[in-house]
Amino acid sequence: MPGYFEIQNLSVGFRTFEGERRVLDIERLVIGRGETYGLVGESGAGKTVLALTILGLLPKPAAVVHSGSIWFDGQDLLQKGEKELYARYRGKRLAMIFQDPMSTLNPVFTVGQQIARVVEKQQGLRGAAVAKRSLELLEMVKLPDAQSTLKKYPHELSGGQRQRVIIAIALSCGAEFLIADEPTRNLDVTIQAGILKLIGDLQKDLGISVLFIANNVGLVNVFCKNAGILYHGKLVEDGPSELVIRAAKHPYTQTLISAIPRDKSEKLKFASTVIKPEAQRGCPYYSRCNLAESICFDRMPMLETSSSGQKVACFMAEKQ
Amino acid sequence: MRWLSDFIKTLQPTIREWRLSFYLLNRNWLQRVALIVIALLVLIAIFAPLISPYPSHAISATNPKDKLLPPSSRYLFGTDELGRDLFSRVIFGTRISLQTALIAVGLALLIGVPLGAIAGGLGGAADEIIMRITDIFLSFPPLLLAIAISAFLGPSLQNAMLAIAVSWWPWYTRIIRGQAVSIRERQFVRAARAIGTPTFRIIFSHILPNTMAPVIVQASMDIGGVILTIAALSFLGLGAQPPTPEWGLLISTSRTYFLNAWWYSTFPGIAIFVTVLVFNLIGDGVREVLDPRTRKF
Amino acid sequence: MKKFILRRLLLGIIVLLGVALLTFFLARVVPSDPAAKWAGPRATPEQIARATIELGLDKPLYVQFGKYLLDLLQGNLGYSLRTRRPITLELQESLPATIELVLISTIAAVFVGIPLGVISAKRKDQLIDHLSRLFSIGVVSLPTFWIGLILQLVFFRVLGLFPMGGQLSTEIKITMDIPKVTGFIMFDSLVTGNFRIFLDALWHIVLPGITIGMYPVGLVARMTRSALLEILNEDYITAARSYGLSERIVLWSYALKNSIGPTSTVVALSIGYTLVNTFLTESIFTWPGIGNYIASAVIGLDYPAIMGVTIFSAFSYVVLNLIADIIIALDPRVRV
């Protein structure tokens with residue numbers, strides 16, 4: 001029996017003219033009800049592709065889902081047709097916040113119009129009820145002066161305000177599972193904290209589950225119960241965040257963590273690596289890994305529970 | 001041999017680019033058909049004297065006893081008011097249209113490319129002046145300037161080509177200039193400047209060769225539009241003069257007879273349409289292939 | 001905002017000056033004997049001498065250009081060689097007929113071209129997209145003048161459904177008073193309640209309207225498609241889908257509204273094409289507009305008239321684009 005949210009053997013590829021390129025290969029990823037899961041990876045690791053796969057919004061026909069299942073509350077989302085995803089899941093039970101608040105709001109409609117569209121469609125509200133609900137939502141995301149914000153166009157709002165509006169729209173219809181795709185990536189540091197606190201508070205207040213995607217290990221540690229590390233579309237480490245962050249087993253995770261400067265006196269460390277050729281069948285990290293041996297080139301490591309408790313996909317993890 | 005491998009390495013992105021373009025073009029059957037038709041048209045133009053059943057009808061031979069005959073096995077496209085075989089005339093028209101279009105586009109390139117390279121390469125006042133001049137030329141509705149120029153130069157096919165070139169070059173200047181501006185800041189140009197290469201040498205031996213690809217593509221796509229323009233000028237009486245078997249002129253002459261001789265206007269028109277269409281189809285495909293925003297795999 | 005409009009206006013004036021300079025060169029400097037051209041092919045030596053003085057050809061070029069500009073500002077385009085009447089007046093008389101045609105084709109461009117482009121973008125790479133692309137590339141590849149002839153052949157000669165040309169039937173022109181309010185026959189007959197004239201005019205405009213309208217429909221459909229395809233890749237479209245909005249709303253409202261900018265630019269551009277296409281078709285349909293005027297000027301080697309139409313069309317094209325740019329700039333939502 002799969003968990004509340006569980007990805008099994010998911011494999012997604014993109015067709016290019018030079019043949020197909022695998023972008024996602026996830027053996028297993030579990031998120032419990034009301035939990036926050038942090039997914040970390042560098043840009044291009046496939047984080048956004050994963051988010052779009054869950055919502056069934058991959059660009060077709062370029063993207064192909066080869067196999068796997070995404071279980072959500074007992075249903076396999078990958079088996080659902082476009083009609084059912086549209087009618088029962090997107091915006092209703094699943095919601096997403098996108099990376100760039102600058103480009104996520106439609107520039108030619110006011111904030112009010114954009115909220116109204118969604119509320120009308122998803123909750124069937126009309127007239128004054130729409131306005132009332134819109135105000136409630138903007139107050140929920142703690143936007144001051146909600147009344148006048150409704151009449152504004154996106155370009156009249158700051159990045160932080162926009163992201164709050166986006167969160168309001170995403171959660172307007174009582175979604176229970178939120179995908180937050182690097183929601184603070186394009187914001188000023190001072191504003192980031194506010195948005196993160198908002199998402200954290202909403203998660204607790206509304207009791208929703210959050211798949212929190214980040215390219216910053218530090219955020220995940222504070223924020224998430226469990227965490228996973230994505231490298232080249234493969235989940236290389238997965239487990240409780242403190243274990244993944246504090247006792248990283250996978251050489252890639254270790255590099256990620258060592259790249260965080262702890263205090264001023266510490267010199268920035270750059271991993272010096274002899275770049276090796278790509279391993280076609282083996283570990284995706286092979287070419288950059290300092291611990292790699294010939295087995296890593298020949299075989300793909302699977303996620304296995306390590307001595308300290310988290311799961312790691314690395315042949316060398318226990319040999320260090 | 002090191003230079004050779006270096007050279008191949010620098011070419012690799014270009015090769016990949018061409019392979020991708022060809023793949024994307026060839027993927028669409030419509031464009032594949034268009035490519036084949038263009039090849040056919042070129043062959044027809046080259047071998048016109050061999051293909052046409054009555055080569056002498058292309059110019060002035062008359063044959064009054066067979067005038068205005070409908071299509072038959074003897075005269076595939078029928079005959080005109082002087083009894084000339086329209087099929088032969090349309091075939092020779094292919095030659096005229098392709099030839100004049102190529103020359104007109106070539107002339108436009110000859111004016112537009114150096115000006116664009118100078119504007120983009122020099123920058124500053126020269127750039128400003130040249131680009132404002134292109135603005136003025138481009139602020140005429142298409143075809144209008146060509147009409148005015150060829151009217152004042154006097155109606156003839158040569159002048160029509162000239163008129164088209166004079167009204168067309170600013171497009172190429174714009175493309176080249178845009179390319180040149182971005183290339184001007186690239187390392188190899190900076191390096192050339194640093195070792196004291198004269199500016200004009202930099203423009204013509206470093207910048208220009210690197211800007212030609214997009215403008216050549218654009219020019220080949222423009223052939224269709226230019227053919228249409230030549231036909232339009234001839235139709236107005238400003239291009240080819242009788243007895244030249246130019247398509248636009250054929251249609252213009254047919255106006256007196258076409259209500260009772262449908263074939264007279266129909267076939268030259270189809271010839272123009274098919275020719276322009278295949279070039280536009282390729283152009284449309286190429287545009288989509290080259291545009292990074294619509295470039296989808 | 002104000003700065004942008006001022007800048008754009010200034011640029012527009014510079015371009016208009018440039019257009020004047022270019023046409024001046026074309027008419028006065030390029031021909032070896034401009035006076036002979038101006039006086040016409042059958043002019044006597046005295047007439048040529050008079051033209052020399054009239055144009056100021058004996059004075060230095062900058063004086064000539066000054067006079068040329070002054071004349072333009074006063075709306076003085078010279079006299080037609082064929083009719084000996086002021087060209088400005090003749091243009092005024094033929095303008096309404098041409099505007100009727102251009103208006104009809106622009107309406108077609110908006111109401112047929114845009115939906116076609118949207119459907120094409122929505123069904124990208126499917127059969128309907130291929131067909132609509134083939135159609136829109138096809139119509140922009142058609143020689144306009146040829147289509148006019150073919151329509152006449154089919155609908156007049158073979159089917160006898162529509163008249164061969166003209167703006168009104170001869171019997172109506174003879175037997176009825178044509179109301180003259182604005183000079184636009186369809187409009188005037190409608191406001192004065194002359195439905196017979198209106199219907200007759202409508203009946204006459206069908207074939208030339210289709211002929212002229214094809215090009216802009218194709219152009220607008222193509223541009224709408226490519227603008228939309230670009231917009232459909234934007235984040236806010238994916239976001240809208242993730243909120244569970246229907247494809248209909250996403251496409252016809254969220255995406256289409258964002259394409260207003262590029263689309264209106266194309267519509268303005270297509271008006272320019274249409275104007276020039278009237279040069280090729282009005283003579284076929286004996287439509288009493290500017291196109292017919294320039295076509296007969298070309299045949300009669302009426303250089304002042306050719307120049308007059310050129311200047312007039314170029315100026316109106318520049319002004320039209322200026323207006324389109326400013327309208328777009330005034331809309332706060334498009335200017336992001």
# chains A, B, ... in the order shown; residues from 1 in each chain; ligands from 1

call {"tool": "interface_residues", "arguments": {"of": "chain B", "to": "chain C", "cutoff": "6 Å", "atoms": "only C-alpha atoms", "output": "PyMOL selection string"}}
result
chain B and resi 136+139-141+269+273+276-277

call {"tool": "interface_residues", "arguments": {"of": "chain A", "to": "chain B", "cutoff": "9 Å", "atoms": "only C-alpha atoms", "output": "list in words"}}
result
Phe14, Arg15, Thr16, Phe17, Glu18, Pro61 and Ala62 of chain A

call {"tool": "interface_residues", "arguments": {"of": "chain A", "to": "chain C", "cutoff": "8 Å", "atoms": "only C-alpha atoms", "output": "list in words"}}
result
Leu55, Leu57, Tyr86, Ala87, Tyr89, Arg90, Gly91, Lys92, Ala95, Met96, Ile97, Phe98, Ser103, Thr104, Leu105, Asn106, Pro107, Val108, Phe109, Arg117, Val118, Lys121, Gln122, Tyr153, His155, Ile169 and Ala170 of chain A

call {"tool": "closest_residue", "arguments": {"among": "B:Leu144, B:Ile251, B:Ala48, B:Ala231", "to": "Gly291 in chain C", "atoms": "only C-alpha atoms"}}
result
B:Leu144

call {"tool": "residues_around", "arguments": {"residues": "Arg33 in chain A", "least_positions_apart": "3", "cutoff": "12 Å", "atoms": "only C-alpha atoms", "output": "PyMOL selection string"}}
result
chain A and resi 3-6+30+36-37+72-73+176-178+203-204+206-211+225

call {"tool": "write_last_selection", "arguments": {"atoms": "C-alpha atoms", "output": "JSON list (two decimals), in the first residue's frame"}}
result
[["chain", "number", "residue", "atom", "x", "y", "z"],
["A", 3, "GLY", "CA", 1.90, 6.23, 1.20],
["A", 4, "TYR", "CA", -0.10, 9.44, 1.06],
["A", 5, "PHE", "CA", 2.23, 10.71, -1.65],
["A", 6, "GLU", "CA", 4.66, 8.30, -3.17],
["A", 30, "VAL", "CA", 7.61, 9.38, -0.05],
["A", 36, "THR", "CA", 7.27, 19.05, 4.36],
["A", 37, "TYR", "CA", 9.79, 17.38, 2.09],
["A", 72, "PHE", "CA", -1.54, 10.58, -4.31],
["A", 73, "ASP", "CA", -4.09, 9.65, -1.66],
["A", 176, "GLU", "CA", -3.88, 19.90, 0.36],
["A", 177, "PHE", "CA", -0.59, 19.30, -1.45],
["A", 178, "LEU", "CA", 1.62, 22.22, -2.39],
["A", 203, "GLN", "CA", 1.56, 24.65, 6.07],
["A", 204, "LYS", "CA", 0.91, 24.35, 9.83],
["A", 206, "LEU", "CA", -3.89, 24.49, 6.87],
["A", 207, "GLY", "CA", -2.24, 21.14, 7.59],
["A", 208, "ILE", "CA", -1.06, 20.72, 4.03],
["A", 209, "SER", "CA", 1.86, 18.72, 2.69],
["A", 210, "VAL", "CA", 4.60, 20.60, 0.91],
["A", 211, "LEU", "CA", 7.14, 19.44, -1.63],
["A", 225, "LYS", "CA", 11.24, 17.02, 8.06]]

call {"tool": "select_by_dssp", "arguments": {"residues": "range 48-275 of chain C", "states": "alpha helix (DSSP H)", "output": "ChimeraX atom specification"}}
result
/C:48-55,61-73,87-108,114-122,127-141,144-151,170-175,185-191,195-231,235-242,247-249,256-258,260-275

call {"tool": "write_last_selection", "arguments": {"atoms": "C-alpha atoms", "output": "short mmCIF file (atom, residue, chain, number, x, y, z; two decimals), in the first residue's frame"}}
result
data_model
loop_
_atom_site.label_atom_id
_atom_site.label_comp_id
_atom_site.auth_asym_id
_atom_site.auth_seq_id
_atom_site.Cartn_x
_atom_site.Cartn_y
_atom_site.Cartn_z
CA ILE C 48 9.25 72.27 -70.40
CA ALA C 49 10.70 75.73 -69.85
CA ARG C 50 7.67 76.65 -67.79
CA ALA C 51 8.03 73.47 -65.71
CA THR C 52 11.68 74.35 -65.10
CA ILE C 53 10.66 77.65 -63.58
CA GLU C 54 7.69 76.20 -61.75
CA LEU C 55 9.86 73.57 -60.06
CA LEU C 61 19.07 72.15 -54.73
CA TYR C 62 18.44 73.28 -51.16
CA VAL C 63 16.19 76.10 -52.37
CA GLN C 64 14.33 73.56 -54.49
CA PHE C 65 13.95 71.27 -51.50
CA GLY C 66 12.70 74.16 -49.37
CA LYS C 67 10.04 74.97 -51.90
CA TYR C 68 9.18 71.28 -52.20
CA LEU C 69 8.66 71.01 -48.43
CA LEU C 70 6.62 74.19 -48.37
CA ASP C 71 4.39 72.84 -51.12
CA LEU C 72 3.96 69.57 -49.24
CA LEU C 73 3.01 71.39 -46.05
CA ILE C 87 -3.50 66.10 -57.67
CA THR C 88 -4.53 66.75 -54.07
CA LEU C 89 -8.10 67.25 -55.22
CA GLU C 90 -8.10 64.10 -57.32
CA LEU C 91 -6.68 62.11 -54.39
CA GLN C 92 -9.41 63.46 -52.13
CA GLU C 93 -12.03 62.28 -54.58
CA SER C 94 -10.64 58.78 -54.94
CA LEU C 95 -9.71 58.28 -51.28
CA PRO C 96 -13.13 57.18 -49.90
CA ALA C 97 -13.45 54.30 -52.35
CA THR C 98 -10.02 53.00 -51.37
CA ILE C 99 -10.65 53.46 -47.66
CA GLU C 100 -13.82 51.37 -47.98
CA LEU C 101 -11.78 48.52 -49.44
CA VAL C 102 -8.96 48.85 -46.92
CA LEU C 103 -11.44 48.95 -44.05
CA ILE C 104 -13.22 45.81 -45.21
CA SER C 105 -9.99 43.90 -45.55
CA THR C 106 -8.76 45.07 -42.16
CA ILE C 107 -11.98 43.91 -40.55
CA ALA C 108 -11.48 40.56 -42.25
CA ILE C 114 -6.86 36.25 -35.43
CA PRO C 115 -9.18 33.28 -34.71
CA LEU C 116 -7.39 31.29 -37.38
CA GLY C 117 -4.04 32.03 -35.74
CA VAL C 118 -5.36 31.09 -32.30
CA ILE C 119 -6.77 27.77 -33.46
CA SER C 120 -3.54 27.04 -35.28
CA ALA C 121 -1.45 27.75 -32.19
CA LYS C 122 -3.75 25.70 -30.01
CA LEU C 127 -3.82 18.52 -39.05
CA ILE C 128 -5.84 21.70 -38.53
CA ASP C 129 -2.64 23.65 -37.81
CA HIS C 130 -1.04 22.35 -40.99
CA LEU C 131 -4.12 23.26 -43.00
CA SER C 132 -4.42 26.72 -41.55
CA ARG C 133 -0.71 27.38 -42.02
CA LEU C 134 -0.92 26.17 -45.58
CA PHE C 135 -3.87 28.49 -46.08
CA SER C 136 -2.15 31.50 -44.56
CA ILE C 137 1.11 30.92 -46.39
CA GLY C 138 -0.90 30.22 -49.52
CA VAL C 139 -2.81 33.47 -49.49
CA VAL C 140 0.30 35.56 -48.93
CA SER C 141 1.91 33.76 -51.89
CA THR C 144 -3.32 39.67 -55.72
CA PHE C 145 -4.01 40.87 -59.23
CA TRP C 146 -4.32 37.30 -60.48
CA ILE C 147 -6.82 36.38 -57.77
CA GLY C 148 -8.92 39.33 -58.88
CA LEU C 149 -9.03 38.01 -62.43
CA ILE C 150 -9.80 34.46 -61.31
CA LEU C 151 -12.65 35.63 -59.08
CA THR C 170 -24.94 51.62 -64.10
CA GLU C 171 -28.74 51.63 -63.88
CA ILE C 172 -28.63 52.77 -60.26
CA LYS C 173 -26.08 55.43 -61.08
CA ILE C 174 -28.34 56.75 -63.82
CA THR C 175 -31.75 56.38 -62.23
CA ILE C 185 -21.09 55.29 -50.61
CA MET C 186 -21.97 52.44 -48.26
CA PHE C 187 -22.02 54.68 -45.22
CA ASP C 188 -23.88 57.51 -46.92
CA SER C 189 -26.58 55.28 -48.39
CA LEU C 190 -27.09 53.61 -45.04
CA VAL C 191 -27.52 56.81 -43.04
CA PHE C 195 -31.07 50.49 -48.87
CA ARG C 196 -31.17 49.71 -52.56
CA ILE C 197 -28.01 51.68 -53.10
CA PHE C 198 -26.46 50.16 -50.01
CA LEU C 199 -27.19 46.62 -51.15
CA ASP C 200 -25.95 47.39 -54.62
CA ALA C 201 -22.72 48.79 -53.19
CA LEU C 202 -22.36 45.77 -50.91
CA TRP C 203 -22.89 43.48 -53.89
CA HIS C 204 -20.15 45.29 -55.78
CA ILE C 205 -17.60 45.26 -52.99
CA VAL C 206 -17.65 41.48 -52.45
CA LEU C 207 -15.15 40.44 -55.13
CA PRO C 208 -12.64 43.28 -54.68
CA GLY C 209 -13.04 42.92 -50.92
CA ILE C 210 -12.13 39.23 -50.99
CA THR C 211 -9.24 39.90 -53.35
CA ILE C 212 -7.78 42.59 -51.14
CA GLY C 213 -8.61 40.87 -47.87
CA MET C 214 -6.79 37.60 -48.48
CA TYR C 215 -3.30 38.91 -47.87
CA PRO C 216 -3.98 40.58 -44.50
CA VAL C 217 -5.97 37.56 -43.29
CA GLY C 218 -3.00 35.30 -43.99
CA LEU C 219 -0.48 37.73 -42.54
CA VAL C 220 -2.42 38.28 -39.34
CA ALA C 221 -3.11 34.57 -38.91
CA ARG C 222 0.59 33.76 -39.23
CA MET C 223 1.69 36.46 -36.83
CA THR C 224 -0.98 35.66 -34.27
CA ARG C 225 0.08 32.04 -34.35
CA SER C 226 3.73 32.73 -33.77
CA ALA C 227 3.06 35.38 -31.11
CA LEU C 228 0.78 32.97 -29.27
CA LEU C 229 3.19 30.06 -29.49
CA GLU C 230 5.75 32.23 -27.82
CA ILE C 231 3.34 33.36 -25.13
CA ASP C 235 5.47 30.74 -16.94
CA TYR C 236 2.17 32.43 -16.29
CA ILE C 237 0.49 30.13 -18.78
CA THR C 238 1.83 27.01 -17.05
CA ALA C 239 0.83 28.59 -13.75
CA ALA C 240 -2.68 29.26 -15.02
CA ARG C 241 -2.96 25.61 -16.02
CA SER C 242 -1.69 24.53 -12.62
CA GLU C 247 -7.74 25.52 -21.78
CA ARG C 248 -10.38 27.82 -23.23
CA ILE C 249 -9.69 30.53 -20.67
CA LEU C 256 -4.61 36.14 -26.45
CA LYS C 257 -4.74 39.30 -24.39
CA ASN C 258 -0.96 39.22 -24.12
CA ILE C 260 -2.48 42.37 -28.40
CA GLY C 261 0.81 44.23 -28.79
CA PRO C 262 2.36 42.19 -31.62
CA THR C 263 -1.04 41.63 -33.23
CA SER C 264 -1.91 45.32 -33.50
CA THR C 265 1.50 46.01 -34.98
CA VAL C 266 0.79 43.42 -37.64
CA VAL C 267 -2.64 44.82 -38.33
CA ALA C 268 -1.07 48.25 -38.88
CA LEU C 269 1.52 46.64 -41.13
CA SER C 270 -1.15 44.80 -43.08
CA ILE C 271 -2.95 48.06 -43.78
CA GLY C 272 0.18 49.18 -45.59
CA TYR C 273 0.20 46.00 -47.67
CA THR C 274 -3.48 46.40 -48.41
CA LEU C 275 -3.04 49.96 -49.56
#

call {"tool": "residues_around", "arguments": {"residues": "Leu238 in chain B", "least_positions_apart": "5", "cutoff": "12 Å", "atoms": "only C-alpha atoms", "output": "ChimeraX atom specification"}}
result
/B:143,146-164,229-233,246,248-249,252 /C:280,294-301

call {"tool": "atom_distance", "arguments": {"atom1": "CA of Gln218 in chain B", "atom2": "CA of Ile103 in chain B"}}
result
15.1 Å
